[in-house]
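One structure is given below, encoded as structure tokens.
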Amino acid sequence: MNHVARWVWCLALSSLISLRIAAQQVVIGGDLKQWHKVTLTLDGPQASETDTQPNPFTDYSFEVTFTHASGNPKYLVPGYFAADGKAADTSGTSGNKWRAHFSPDKPGQWNYLIHFSHGPLTAVGQGGRPLPPYDGLRGSLSISPTDKHGRDFRAHGRLEYVGKHHLRFAGSGLYFLKVGADSPEALLAYADFDGTEPGRARAARQGEANPTQQLHSYATHLHDWKPGDPTWKGGLGKGLIGALNYLASQGANAISFLTYNAGGDGDNVWPFVGRAERMHYDVSKLDQWQIVFDHAQALGLFLHFKTQETENDDLNGPGRDYALDRGELGPERKLYYRELIARFGYLLALNWNLGEENTQTADQQRAMAKFFHDHDPWQHPVVIHTYPDWQDRVYSQLLGNKSFLAGASLQNPWNAVHQRTLHWVRASAASGRPWVVANDEQNPPEFGVPPDPGYDGQSGLAKTKGNGYSLHDIRKLTLWGNLMAGGAGVEYYFGYQFPQNDLTCEDWRSRERSWRYGRVALEFFQRNQIPFWEMSNANSLVGNPQNENRAWCLAKPGQLYMVYLPSGGTTELDLTEVHGRFDVQWFNPRSGGPLERGDIRRVKAGSKVSLGQPPSDPKEDWLAVVKRATS
């Protein structure tokens with residue numbers, strides 16, 4: 001045998017040995033279907049989540065390249081230490097299982113290549129050396145088309161930022177509007193999760209002997225859990241799983257939650273093995289979170305990851321000891337983001353929020369956004385939230401090519417939502433990078449969105465200085481205020497003075513009527529095939545250039561105009577620059593249903609035209625739909 005033949009023979013033998021090793025050490029699990037969660041589990045180095053030499057989270061780097069057989073797409077997916085591989089049920093802290101998840105966006109054959117290195121801080125980019133026999137293992141898998149339908153996000157694909165003011169599903173091509181829950185912010189402070197403790201920081205600051213912030217049980221939602229729904233450890237999790245079921249059943253499609261609030265208001269959520277152990281992660285707790293998130297996505301619930309609370313970036317405040325890397329993008333923060341991406345980045349519909357009420361510097365915010373852009377293989381949208389009076393100083397430094405942000409998570413007075421949403425929609429468009437702008441927290445902070453009248457003896461009013469507002473005002477000026485500005489939707493915040501508030505809420509039924517109004521709005525856009533992603537605000541066409549809370553217009557000029565009247569009545573629509581005839585119909589934002597006829601059914605363009613009176617209840621809010629006539 002000559003040396004060339006020998007070399008070829010050795011190469012073939014080496015490849016065969018590698019394939020056999022891969023078959024023994026690598027297991028592919030999950031639903032092998034397009035958009036579904038696929039899990040690669042490797043039998044790798046034995047470790048414990050509290051090890052320090054080496055630390056399995058910092059000193060090993062486990063990644064997998066998944067490549068479609070056609071050559072495109074190709075993803076470099078970070079993996080993570082999974083202990084015994086079943087820690088959600090066993091509370092295991094040690095083992096030799098290492099995992100990577102991906103959600104394939106094309107049917108057909110996919111090939112994988114494992115990259116495994118070791119060395120001090122190699123997981124956060126500090127070098128490292130390949131670790132045999134794991135590094136270089138390869139194999140393939142076959143993916144079939146999805147079989148899901150309805151609300152399940154696996155029927156629609158990954159929700160992506162596409163350079164517009166709304167996110168779009170890569171599979172179905174549908175655009176997304178959200179209505180969901182911003183409260184309780186410590187949704188994950190749940191008694192059934194491993195390693196989850198009641199808050200301590202506030203109690204200590206107030207000199208109390210015991211914590212004042214208890215963990216959630218969601219006991220009122222236990223009966224919303226259904227046979228066949230997931231649990232862990234022999235039946236835990238039913239309260240939170242049931243709560244998600246309830247929210248989805250009401251038509252809501254988003255939830256928001258903090259993944260880190262040590263030192264903050266709740267002081268009861270962190271992914272680590274201990275409150276201050278920022279380089280060691282609680283494997284079983286995070287596996288249990290993953291079960292909840294998977295169920296949420298199957299229900300069609302968008303996941304708003306708020307990665308830190310304001311106290312976590314305040315170097316002068318009570319949470320200063322818990323600010324990752326003192327606010328910088330250092331090893332602690334890089335590892336934290338890497339773990340979030342590795343464990344949850346495969347999920348289809350989510351955004352990464354750099355921080356609630358964030359006060360870090362613009363350079364720090366840019367660096368954090370860039371890290372997500374560079375390391376999230378699916379580049380989920382990155383947003384940021386800040387105080388109402390900080391918006392101009394924060395957002396103006398991040399517009400356009402100044403950052404990799406895809407949107408803004410706004411906090412504003414409930415009656416300023418339209419103006420502030422419109423401001424950032426327009427400012428971002430002018431910068432060349434349109435933002436997805438949502439209203440996710442309503443002031444005044446003590447009230448937010450009030451409970452339904454009659455719930456637990458509540459009046460349904462939020463009273464401030466002798467004045468009050470109700471859920472009807474929230475429907476008009478918050479929900480429709482955002483949508484008519486070209487916004488991406490809302491999440492509802494519950495204040496801190498009501499019994500079911502932002503810290504203590506156990507029962508989402510406390511706002512059932514608000515969920516209903518949200519469902520009515522979302523169904524309007526869907527059933528009437530409104531191309532909201534192609535429409536922009538045109539309040540000047542209804543005589544409202546100052547964007548006051550009296551008449552708003554969202555338009556696809558020459559084709560479709562929607563005019564919302566928060567206080568009812570009528571208005572004129574300026575069709576001077578348009579020709580043709582337009583049908584006028586009305587939608588009831590309170591009860592939904594089909595479009596209705598008012599006293600004017602058709603108008604001729606070329607001038608300002610009266611839209612007439614709505615079908616009934618002229619003092620209530622109505623939406624006029626003015627559409628080019630087809631005959």
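Naming works like this for the structure tokens: A, B, ... for the chains as they're shown, residue 1 at the start of each chain, ligands 1 onward in shown order.
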Task: DSSP alpha helix (DSSP H) selection over segment 502-622 of chain A, as number ranges by chain - done: A: 512-527
Open item on the list: Using only C-alpha atoms, which protein or nucleic acid residues come within 6 Å of Gly481 of chain A? Drop anything in the same chain fewer than 3 positions from it, and give the result as a ChimeraX atom specification.
Closed with: /A:417-418,477-478,484
Since we have the selection now, will you write its residues out, keeping N, CA, C and O atoms, as a PDB file, in the first residue's frame?
```pdb
ATOM      1  N   VAL A 417     -49.795  57.368  26.121  1.00  0.00           N
ATOM      2  CA  VAL A 417     -49.274  56.252  25.337  1.00  0.00           C
ATOM      3  C   VAL A 417     -49.239  56.576  23.847  1.00  0.00           C
ATOM      4  O   VAL A 417     -48.260  56.277  23.156  1.00  0.00           O
ATOM      5  N   HIS A 418     -50.297  57.170  23.343  1.00  0.00           N
ATOM      6  CA  HIS A 418     -50.344  57.424  21.898  1.00  0.00           C
ATOM      7  C   HIS A 418     -49.224  58.362  21.470  1.00  0.00           C
ATOM      8  O   HIS A 418     -48.471  58.056  20.530  1.00  0.00           O
ATOM      9  N   LEU A 477     -57.108  54.633  25.646  1.00  0.00           N
ATOM     10  CA  LEU A 477     -55.914  55.469  25.481  1.00  0.00           C
ATOM     11  C   LEU A 477     -54.603  54.702  25.615  1.00  0.00           C
ATOM     12  O   LEU A 477     -53.559  55.212  25.221  1.00  0.00           O
ATOM     13  N   THR A 478     -54.660  53.492  26.163  1.00  0.00           N
ATOM     14  CA  THR A 478     -53.441  52.685  26.237  1.00  0.00           C
ATOM     15  C   THR A 478     -53.414  51.663  25.104  1.00  0.00           C
ATOM     16  O   THR A 478     -52.533  51.708  24.243  1.00  0.00           O
ATOM     17  N   MET A 484     -52.941  52.549  17.306  1.00  0.00           N
ATOM     18  CA  MET A 484     -53.216  53.582  16.311  1.00  0.00           C
ATOM     19  C   MET A 484     -52.012  54.477  16.057  1.00  0.00           C
ATOM     20  O   MET A 484     -52.009  55.273  15.116  1.00  0.00           O
TER      21      MET A 484
END
```
- [ ] Record the distance separating atom CA of Leu348 of chain A and atom CA of Asn96 of chain A, expressed in Å with one decimal.
- [x] 27.9 Å
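Distances from A:Pro377, A:Gly125, A:Gly92, A:Gly569 to Phe344 of chain A were compared using only C-alpha atoms, and the smallest one belongs to A:Pro377.
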Please identify all polymer residues within 7 Å of Asp574 of chain A, counting only C-alpha atoms, omitting same-chain residues fewer than 3 positions from it, and present them as an mmCIF file with N, CA, C and O atoms, in the first residue's frame.
```
data_model
loop_
_atom_site.group_PDB
_atom_site.id
_atom_site.type_symbol
_atom_site.label_atom_id
_atom_site.label_comp_id
_atom_site.auth_asym_id
_atom_site.auth_seq_id
_atom_site.Cartn_x
_atom_site.Cartn_y
_atom_site.Cartn_z
ATOM 1 N N LEU A 541 -54.867 63.850 8.989
ATOM 2 C CA LEU A 541 -56.017 63.651 8.107
ATOM 3 C C LEU A 541 -57.344 63.759 8.845
ATOM 4 O O LEU A 541 -58.395 63.868 8.205
ATOM 5 N N VAL A 542 -57.318 63.689 10.173
ATOM 6 C CA VAL A 542 -58.546 63.872 10.960
ATOM 7 C C VAL A 542 -58.454 65.130 11.807
ATOM 8 O O VAL A 542 -59.073 65.245 12.866
ATOM 9 N N SER A 607 -61.944 65.373 -1.392
ATOM 10 C CA SER A 607 -62.177 66.480 -0.460
ATOM 11 C C SER A 607 -62.212 65.919 0.954
ATOM 12 O O SER A 607 -62.043 64.721 1.163
ATOM 13 N N LYS A 608 -62.463 66.774 1.926
ATOM 14 C CA LYS A 608 -62.723 66.313 3.276
ATOM 15 C C LYS A 608 -64.133 65.753 3.335
ATOM 16 O O LYS A 608 -65.072 66.386 2.833
ATOM 17 N N VAL A 609 -64.255 64.584 3.918
ATOM 18 C CA VAL A 609 -65.567 63.938 3.950
ATOM 19 C C VAL A 609 -65.962 63.638 5.391
ATOM 20 O O VAL A 609 -65.126 63.326 6.238
#
```
Task: Distance query segment 602-606 of chain A at most 7 Å, only C-alpha atoms, self and fewer than 6 positions along chain excluded, as a ChimeraX atom specification - done: /A:575-584
TODO: May I ask for the distance between atom CA of Glu197 of chain A and atom CA of Tyr337 of chain A, given in Å to one decimal place?
DONE: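 For atom CA of Glu197 of chain A relative to atom CA of Tyr337 of chain A, the distance reads 22.4 Å.
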Open item on the list: For a quick check of understanding, using only C-alpha atoms, which of A:Asn439, A:Asn547, A:Gln288, A:Gln559 has the smallest distance to Leu483 of chain A?
Closed with: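 Closest to Leu483 of chain A, using only C-alpha atoms: A:Asn439.
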Task: Neighbour list for Leu258 of chain A as number ranges by chain, cut-off 6 Å, only C-alpha atoms, skip fewer than 6 positions in-chain - done: A: 185-186, 306-307
Go ahead and write the residues just picked, C-alpha atoms, as a PDB file, in the first residue's frame.
```pdb
ATOM      1  CA  GLU A 185     -42.843  41.085  37.274  1.00  0.00           C
ATOM      2  CA  ALA A 186     -41.458  38.270  39.439  1.00  0.00           C
ATOM      3  CA  LYS A 306     -36.459  41.256  31.197  1.00  0.00           C
ATOM      4  CA  THR A 307     -32.854  40.396  31.968  1.00  0.00           C
TER       5      THR A 307
END
```
Distance table requested - segment 397-443 of chain A against segment 152-170 of chain A, cut-off 6 Å, only C-alpha atoms: one row per qualifying residue with the closest atom pair and its distance in Å to one decimal, ordered by chain and rising residue number, as CSV.
```
residue,atom,partner,partner_atom,distance
A:Pro434,CA,A:Lys164,CA,5.4
A:Trp435,CA,A:His165,CA,5.3
A:Val436,CA,A:His165,CA,4.4
```
- [ ] For Pro381 of chain A, please output as number ranges by chain all residues within 8 Å (counting only C-alpha atoms; exclusion window: fewer than 3 positions along the same chain).
- [x] A: 160-161, 350-352, 405-407
- [ ] For atom CA of Gln365 of chain A and atom CA of Gly180 of chain A, quote the distance in Å rounded to one decimal.
- [x]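 According to the coordinates, atom CA of Gln365 of chain A and atom CA of Gly180 of chain A are separated by 25.8 Å.
DSSP, applied to the backbone of this structure, assigns strand (DSSP E or B) to the following residues of segment 158-229 of chain A: Leu159, Glu160, Arg168, Phe169, Tyr175, Lys178, Val179, Gly180, Ala181, Tyr190 and His216 of chain A.
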TODO: Compare A:Ile255, A:Ile600, A:Leu623, A:Cys553 by their minimum atom-to-atom distance to Ser567 of chain A, counting only C-alpha atoms, and give me the closest one.
DONE: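 Answer, going by the shortest atom-to-atom distance: A:Leu623.
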